[in-house]
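J.: Handing you a structure now.
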Amino acid sequence: MSTPSLVPPVSRPAGSRFAVVGNPENRRVSLFADAVRAAGLPGPRVVPWRDVLRDGGADFAPDEIVRVDSPGENPEVDRLLRGATDPTRVEGSAHWYARFTAALRTLRGGVRLDDPDDLAVLFDKRACHGVLDAAGVPVPASPTSGPGGAPVRGWDDVRALMREHRMPRLFVKLAHGSSASGVLAVETGGGGRIRATTSVELAPDGTLHNSLRVRRYDSERDIATIVDALAPDGLHLERWVPKASQQGRAADLRVVVVAGRATHAVVRTSRTPLTNLHLGGSRGDLATARHAVGGAGGRWADVLEVCERAAACFPRTLCVGVDLLPAIGWRRAFVGEVNAFGDLLPRLTGLPGSGAEGLDTYAAQVAAALRAPAPSGPLHQHRTGTSHA
């Protein structure tokens with residue numbers, strides 16, 4: 001079931017130690033540091049994103065194993081990346097992407113667990129969808145996928161593509177968004193009816209703000225205003241895959257893949273099309289999902305293998321989180337997204353037979369990084385001016 005990485009083997013230097021680029025106060029950094037110490041090693045050297053962005057990069061010793069973590073949830077770092085003074089604003093993701101990918105290339109030396117080229121694709125939904133599709137990974141149909149995808153300059157283009165591709169229900173996503181920021185689940189009906197479900201709050205002055213409350217817009221004028229405001233940041237469109245359900249709630253899965261193997265999985269359920277846990281979604285029952293797959297004539301191993309195939313498209317990055325969309329009836333599944341920072345699942349331990357039993361997502365990554373590289377291991381040494389060995 002495990003998908004081998006395609007990266008040439010790189011020997012881990014003797015006496016290796018960890019470093020992490022992140023926001024020191026963030027629980028992602030704390031959880032990773034706890035995992036490193038639990039492995040009997042000194043805590044990792046923490047390099048703040050604030051310093052990387054202000055100082056023009058950071059240098060790492062040859063024996064440092066370097067993890068890049070999310071720059072999110074820090075207002076100052078967000079301002080440096082997006083240029084916005086209000087961290088709740090949705091707009092500005094194109095600036096964020098340009099500055100984030102540029103900053104990745106200012107990290108010099110060390111043995112990297114994340115590849116800048118991989119991360120650049122993972123944070124561009126259009127490019128990521130195109131890579132997955134070209135590799136034969138099942139994905140929802142999209143007219144904006146890959147380098148030849150259709151441009152979206154505003155709501156008029158969305159409407160035209162909906163007609164041209166016969167997509168009465170679709171997701172409109174920020175090309176460089178994360179955590180469902182700027183996502184609209186759009187559905188149309190007879191008599192010109194239209195509805196968009198989203199966490200975007202349209203303020204009276206026309207600005208857009210992220211909200212923890214999912215809301216619905218039934219006015220095409222309001223929907224057009226939101227899409228037109230987001231379009232300059234880049235938009236990606238995907239056909240809406242009707243999801244399987246669990247206890248009457250829409251269900252999907254977040255599957256963490258470490259070193260080519262699916263190690264952790266959680267079912268996410270919601271009464272809305274957006275299953276993100278921070279937007280009111282809740283964890284479902286994984287055993288029930290496995291039973292549903294088997295009851296539909298499928299194999300759970302094949303479900304995990306789809307996620308591993310998606311992760312194999314990014315072989316120079318140790319860990320990704322795959323959003324898997326099981327279709328109604330649990331007979332088919334599609335990869336909705338692959339997330340570079342999709343491993344924040346506190347207290348969740350590894351799947352049986354995954355090799356990560358009893359380990360959380362961070363401990364599994366530390367263990368994988370410390371193992372002697374297999375004939376095609378994921379670690380690679382980073383050289384200034386090059387992306388990977």
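To be explicit about the labels: the chains of the structure tokens are called A, B, and onward in the order shown, and within each one the residues are counted from 1, while ligands get numbers from 1 in the order they are shown.
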For segment 51-168 of chain A versus segment 20-41 of chain A, which residues have an atom no more than 7 Å away, and what is each residue's nearest atom pair and distance in Å rounded to one decimal, using only C-alpha atoms, chain-then-number order, as CSV?
T.:
```
residue,atom,partner,partner_atom,distance
A:Val66,CA,A:Val20,CA,5.6
A:Arg67,CA,A:Val20,CA,4.6
A:Val68,CA,A:Val21,CA,4.9
A:Asp69,CA,A:Gly22,CA,5.0
A:Ser70,CA,A:Gly22,CA,6.1
A:Pro71,CA,A:Gly22,CA,5.9
```
J.: What would the file look like if the residues just selected were written as an mmCIF file, in the first residue's frame with N, CA, C and O atoms?
T.:
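Saved to result_15.cif:
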```cif
data_model
loop_
_atom_site.group_PDB
_atom_site.id
_atom_site.type_symbol
_atom_site.label_atom_id
_atom_site.label_comp_id
_atom_site.auth_asym_id
_atom_site.auth_seq_id
_atom_site.Cartn_x
_atom_site.Cartn_y
_atom_site.Cartn_z
ATOM 1 N N VAL A 66 15.326 20.438 8.988
ATOM 2 C CA VAL A 66 14.533 21.673 9.016
ATOM 3 C C VAL A 66 13.087 21.393 8.609
ATOM 4 O O VAL A 66 12.816 20.899 7.503
ATOM 5 N N ARG A 67 12.187 21.709 9.504
ATOM 6 C CA ARG A 67 10.751 21.633 9.218
ATOM 7 C C ARG A 67 10.215 23.043 9.001
ATOM 8 O O ARG A 67 10.491 23.951 9.799
ATOM 9 N N VAL A 68 9.461 23.243 7.940
ATOM 10 C CA VAL A 68 8.770 24.502 7.712
ATOM 11 C C VAL A 68 7.334 24.337 8.167
ATOM 12 O O VAL A 68 6.639 23.413 7.728
ATOM 13 N N ASP A 69 6.896 25.205 9.068
ATOM 14 C CA ASP A 69 5.528 25.111 9.571
ATOM 15 C C ASP A 69 4.731 26.333 9.120
ATOM 16 O O ASP A 69 5.274 27.300 8.572
ATOM 17 N N SER A 70 3.455 26.288 9.390
ATOM 18 C CA SER A 70 2.542 27.330 8.922
ATOM 19 C C SER A 70 2.905 28.702 9.490
ATOM 20 O O SER A 70 3.220 28.825 10.677
ATOM 21 N N PRO A 71 2.830 29.741 8.660
ATOM 22 C CA PRO A 71 3.029 31.100 9.171
ATOM 23 C C PRO A 71 1.736 31.728 9.668
ATOM 24 O O PRO A 71 1.703 32.922 9.977
#
```
J.: As a PyMOL selection string, please: the residues near segment 191-201 of chain A (cut-off 9 Å, only C-alpha atoms, same-chain neighbours under 3 positions excluded).
T.: chain A and resi 90+180-188+207-220+223+226+272-274+279
J.: Counting only C-alpha atoms, what is within 7 Å of segment 56-59 of chain A, bar same-chain residues fewer than 3 positions away, as an mmCIF file with N, CA and C atoms, in the first residue's frame?
T.:
```cif
data_model
loop_
_atom_site.group_PDB
_atom_site.id
_atom_site.type_symbol
_atom_site.label_atom_id
_atom_site.label_comp_id
_atom_site.auth_asym_id
_atom_site.auth_seq_id
_atom_site.Cartn_x
_atom_site.Cartn_y
_atom_site.Cartn_z
ATOM 1 N N VAL A 52 12.499 35.643 9.712
ATOM 2 C CA VAL A 52 12.799 35.254 8.328
ATOM 3 C C VAL A 52 12.363 36.351 7.369
ATOM 4 N N LEU A 53 11.165 36.875 7.567
ATOM 5 C CA LEU A 53 10.619 37.875 6.660
ATOM 6 C C LEU A 53 11.318 39.220 6.815
ATOM 7 N N ALA A 103 9.909 33.800 0.405
ATOM 8 C CA ALA A 103 10.581 33.594 1.694
ATOM 9 C C ALA A 103 11.117 32.175 1.824
ATOM 10 N N THR A 106 14.586 31.766 0.759
ATOM 11 C CA THR A 106 15.633 32.440 1.534
ATOM 12 C C THR A 106 16.094 31.587 2.716
ATOM 13 N N LEU A 107 15.565 30.376 2.823
ATOM 14 C CA LEU A 107 16.011 29.446 3.862
ATOM 15 C C LEU A 107 17.173 28.656 3.303
ATOM 16 N N ARG A 108 18.333 28.811 3.910
ATOM 17 C CA ARG A 108 19.572 28.293 3.327
ATOM 18 C C ARG A 108 20.185 27.195 4.183
ATOM 19 N N GLY A 109 20.555 26.092 3.528
ATOM 20 C CA GLY A 109 21.246 25.007 4.200
ATOM 21 C C GLY A 109 20.301 24.040 4.883
#
```
J.: Between A:Asp233, A:Glu337, A:Asp156, A:Glu308, single out the one closest to Ala98 of chain A, counting only C-alpha atoms.
T.: A:Asp233
J.: One decimal, in Å: what's the spacing between atom CA of Val227 of chain A and atom CA of Ser93 of chain A?
T.: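 Taking atom CA of Val227 of chain A as the start and atom CA of Ser93 of chain A as the end point, the length is 13.7 Å.
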J.: Identify which of the residues A:Ala229, A:Val306, A:Val255, A:Val121 lies closest to Gly136 of chain A, counting only C-alpha atoms when measuring atom-to-atom distances.
T.: A:Val306
J.: Report the distance between atom CA of Glu76 of chain A and atom CA of Asp55 of chain A in Å, rounded to one decimal place.
T.: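 If I compute the distance from atom CA of Glu76 of chain A to atom CA of Asp55 of chain A, I get 14.3 Å.
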J.: So that I can check the secondary structure, give me every residue of segment 266-377 of chain A assigned strand (DSSP E) by backbone DSSP, as a list in words.
T.: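 So, restricting segment 266-377 of chain A to strand (DSSP E), we get Val266, Val267, Arg268, Thr269, Ser270, Ser282, Arg283, Cys319, Val320, Gly321, Val322, Asp323, Leu324, Leu325, Pro326, Ala333, Phe334, Val335, Gly336, Glu337, Val338 and Asn339 of chain A.
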J.: Write the residues you've just listed into a file as a PDB file, in the first residue's frame, and include N, CA and C atoms for each of them.
T.:
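Listed below is the output, part-v2.pdb:
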```pdb
ATOM      1  N   VAL A 266      -9.034  11.125   9.889  1.00  0.00           N
ATOM      2  CA  VAL A 266     -10.164  11.563  10.694  1.00  0.00           C
ATOM      3  C   VAL A 266     -11.319  11.849   9.748  1.00  0.00           C
ATOM      4  N   VAL A 267     -12.520  11.458  10.170  1.00  0.00           N
ATOM      5  CA  VAL A 267     -13.737  11.787   9.432  1.00  0.00           C
ATOM      6  C   VAL A 267     -14.237  13.137   9.931  1.00  0.00           C
ATOM      7  N   ARG A 268     -14.598  14.000   8.993  1.00  0.00           N
ATOM      8  CA  ARG A 268     -15.152  15.307   9.340  1.00  0.00           C
ATOM      9  C   ARG A 268     -16.590  15.368   8.823  1.00  0.00           C
ATOM     10  N   THR A 269     -17.510  15.772   9.663  1.00  0.00           N
ATOM     11  CA  THR A 269     -18.913  15.836   9.247  1.00  0.00           C
ATOM     12  C   THR A 269     -19.467  17.232   9.511  1.00  0.00           C
ATOM     13  N   SER A 270     -20.493  17.579   8.742  1.00  0.00           N
ATOM     14  CA  SER A 270     -21.080  18.912   8.888  1.00  0.00           C
ATOM     15  C   SER A 270     -22.484  18.925   8.293  1.00  0.00           C
ATOM     16  N   SER A 282     -17.623  18.548  12.871  1.00  0.00           N
ATOM     17  CA  SER A 282     -17.260  17.701  14.014  1.00  0.00           C
ATOM     18  C   SER A 282     -16.654  16.399  13.501  1.00  0.00           C
ATOM     19  N   ARG A 283     -15.886  15.764  14.361  1.00  0.00           N
ATOM     20  CA  ARG A 283     -15.277  14.501  13.992  1.00  0.00           C
ATOM     21  C   ARG A 283     -16.328  13.397  13.932  1.00  0.00           C
ATOM     22  N   CYS A 319       5.496  15.273   4.674  1.00  0.00           N
ATOM     23  CA  CYS A 319       4.138  15.080   5.182  1.00  0.00           C
ATOM     24  C   CYS A 319       3.163  16.009   4.496  1.00  0.00           C
ATOM     25  N   VAL A 320       2.011  15.479   4.098  1.00  0.00           N
ATOM     26  CA  VAL A 320       0.912  16.299   3.583  1.00  0.00           C
ATOM     27  C   VAL A 320      -0.386  15.782   4.191  1.00  0.00           C
ATOM     28  N   GLY A 321      -1.401  16.642   4.181  1.00  0.00           N
ATOM     29  CA  GLY A 321      -2.742  16.252   4.596  1.00  0.00           C
ATOM     30  C   GLY A 321      -3.654  16.249   3.388  1.00  0.00           C
ATOM     31  N   VAL A 322      -4.273  15.122   3.105  1.00  0.00           N
ATOM     32  CA  VAL A 322      -5.110  14.965   1.920  1.00  0.00           C
ATOM     33  C   VAL A 322      -6.577  15.038   2.327  1.00  0.00           C
ATOM     34  N   ASP A 323      -7.332  15.923   1.662  1.00  0.00           N
ATOM     35  CA  ASP A 323      -8.773  15.988   1.868  1.00  0.00           C
ATOM     36  C   ASP A 323      -9.438  15.070   0.855  1.00  0.00           C
ATOM     37  N   LEU A 324     -10.035  13.997   1.340  1.00  0.00           N
ATOM     38  CA  LEU A 324     -10.645  12.995   0.476  1.00  0.00           C
ATOM     39  C   LEU A 324     -12.158  13.138   0.541  1.00  0.00           C
ATOM     40  N   LEU A 325     -12.784  13.204  -0.624  1.00  0.00           N
ATOM     41  CA  LEU A 325     -14.226  13.415  -0.728  1.00  0.00           C
ATOM     42  C   LEU A 325     -14.900  12.119  -1.159  1.00  0.00           C
ATOM     43  N   PRO A 326     -15.474  11.362  -0.240  1.00  0.00           N
ATOM     44  CA  PRO A 326     -16.208  10.164  -0.645  1.00  0.00           C
ATOM     45  C   PRO A 326     -17.551  10.558  -1.248  1.00  0.00           C
ATOM     46  N   ALA A 333     -14.226   7.943  -4.472  1.00  0.00           N
ATOM     47  CA  ALA A 333     -13.656   9.024  -3.672  1.00  0.00           C
ATOM     48  C   ALA A 333     -12.782   9.893  -4.562  1.00  0.00           C
ATOM     49  N   PHE A 334     -12.786  11.181  -4.272  1.00  0.00           N
ATOM     50  CA  PHE A 334     -12.013  12.159  -5.031  1.00  0.00           C
ATOM     51  C   PHE A 334     -11.130  12.950  -4.063  1.00  0.00           C
ATOM     52  N   VAL A 335      -9.983  13.355  -4.552  1.00  0.00           N
ATOM     53  CA  VAL A 335      -9.102  14.205  -3.754  1.00  0.00           C
ATOM     54  C   VAL A 335      -9.508  15.657  -3.981  1.00  0.00           C
ATOM     55  N   GLY A 336      -9.957  16.304  -2.905  1.00  0.00           N
ATOM     56  CA  GLY A 336     -10.353  17.705  -3.018  1.00  0.00           C
ATOM     57  C   GLY A 336      -9.161  18.635  -2.951  1.00  0.00           C
ATOM     58  N   GLU A 337      -8.272  18.398  -1.998  1.00  0.00           N
ATOM     59  CA  GLU A 337      -7.087  19.240  -1.846  1.00  0.00           C
ATOM     60  C   GLU A 337      -5.976  18.427  -1.201  1.00  0.00           C
ATOM     61  N   VAL A 338      -4.751  18.903  -1.386  1.00  0.00           N
ATOM     62  CA  VAL A 338      -3.594  18.374  -0.664  1.00  0.00           C
ATOM     63  C   VAL A 338      -2.988  19.554   0.084  1.00  0.00           C
ATOM     64  N   ASN A 339      -2.877  19.414   1.401  1.00  0.00           N
ATOM     65  CA  ASN A 339      -2.491  20.520   2.272  1.00  0.00           C
ATOM     66  C   ASN A 339      -1.069  20.348   2.797  1.00  0.00           C
TER      67      ASN A 339
END
```
J.: Just list as number ranges by chain whatever in segment 231-367 of chain A DSSP marks as helix (DSSP H, G or I).
T.: A: 231-233, 277-279, 286-295, 300-311, 361-367
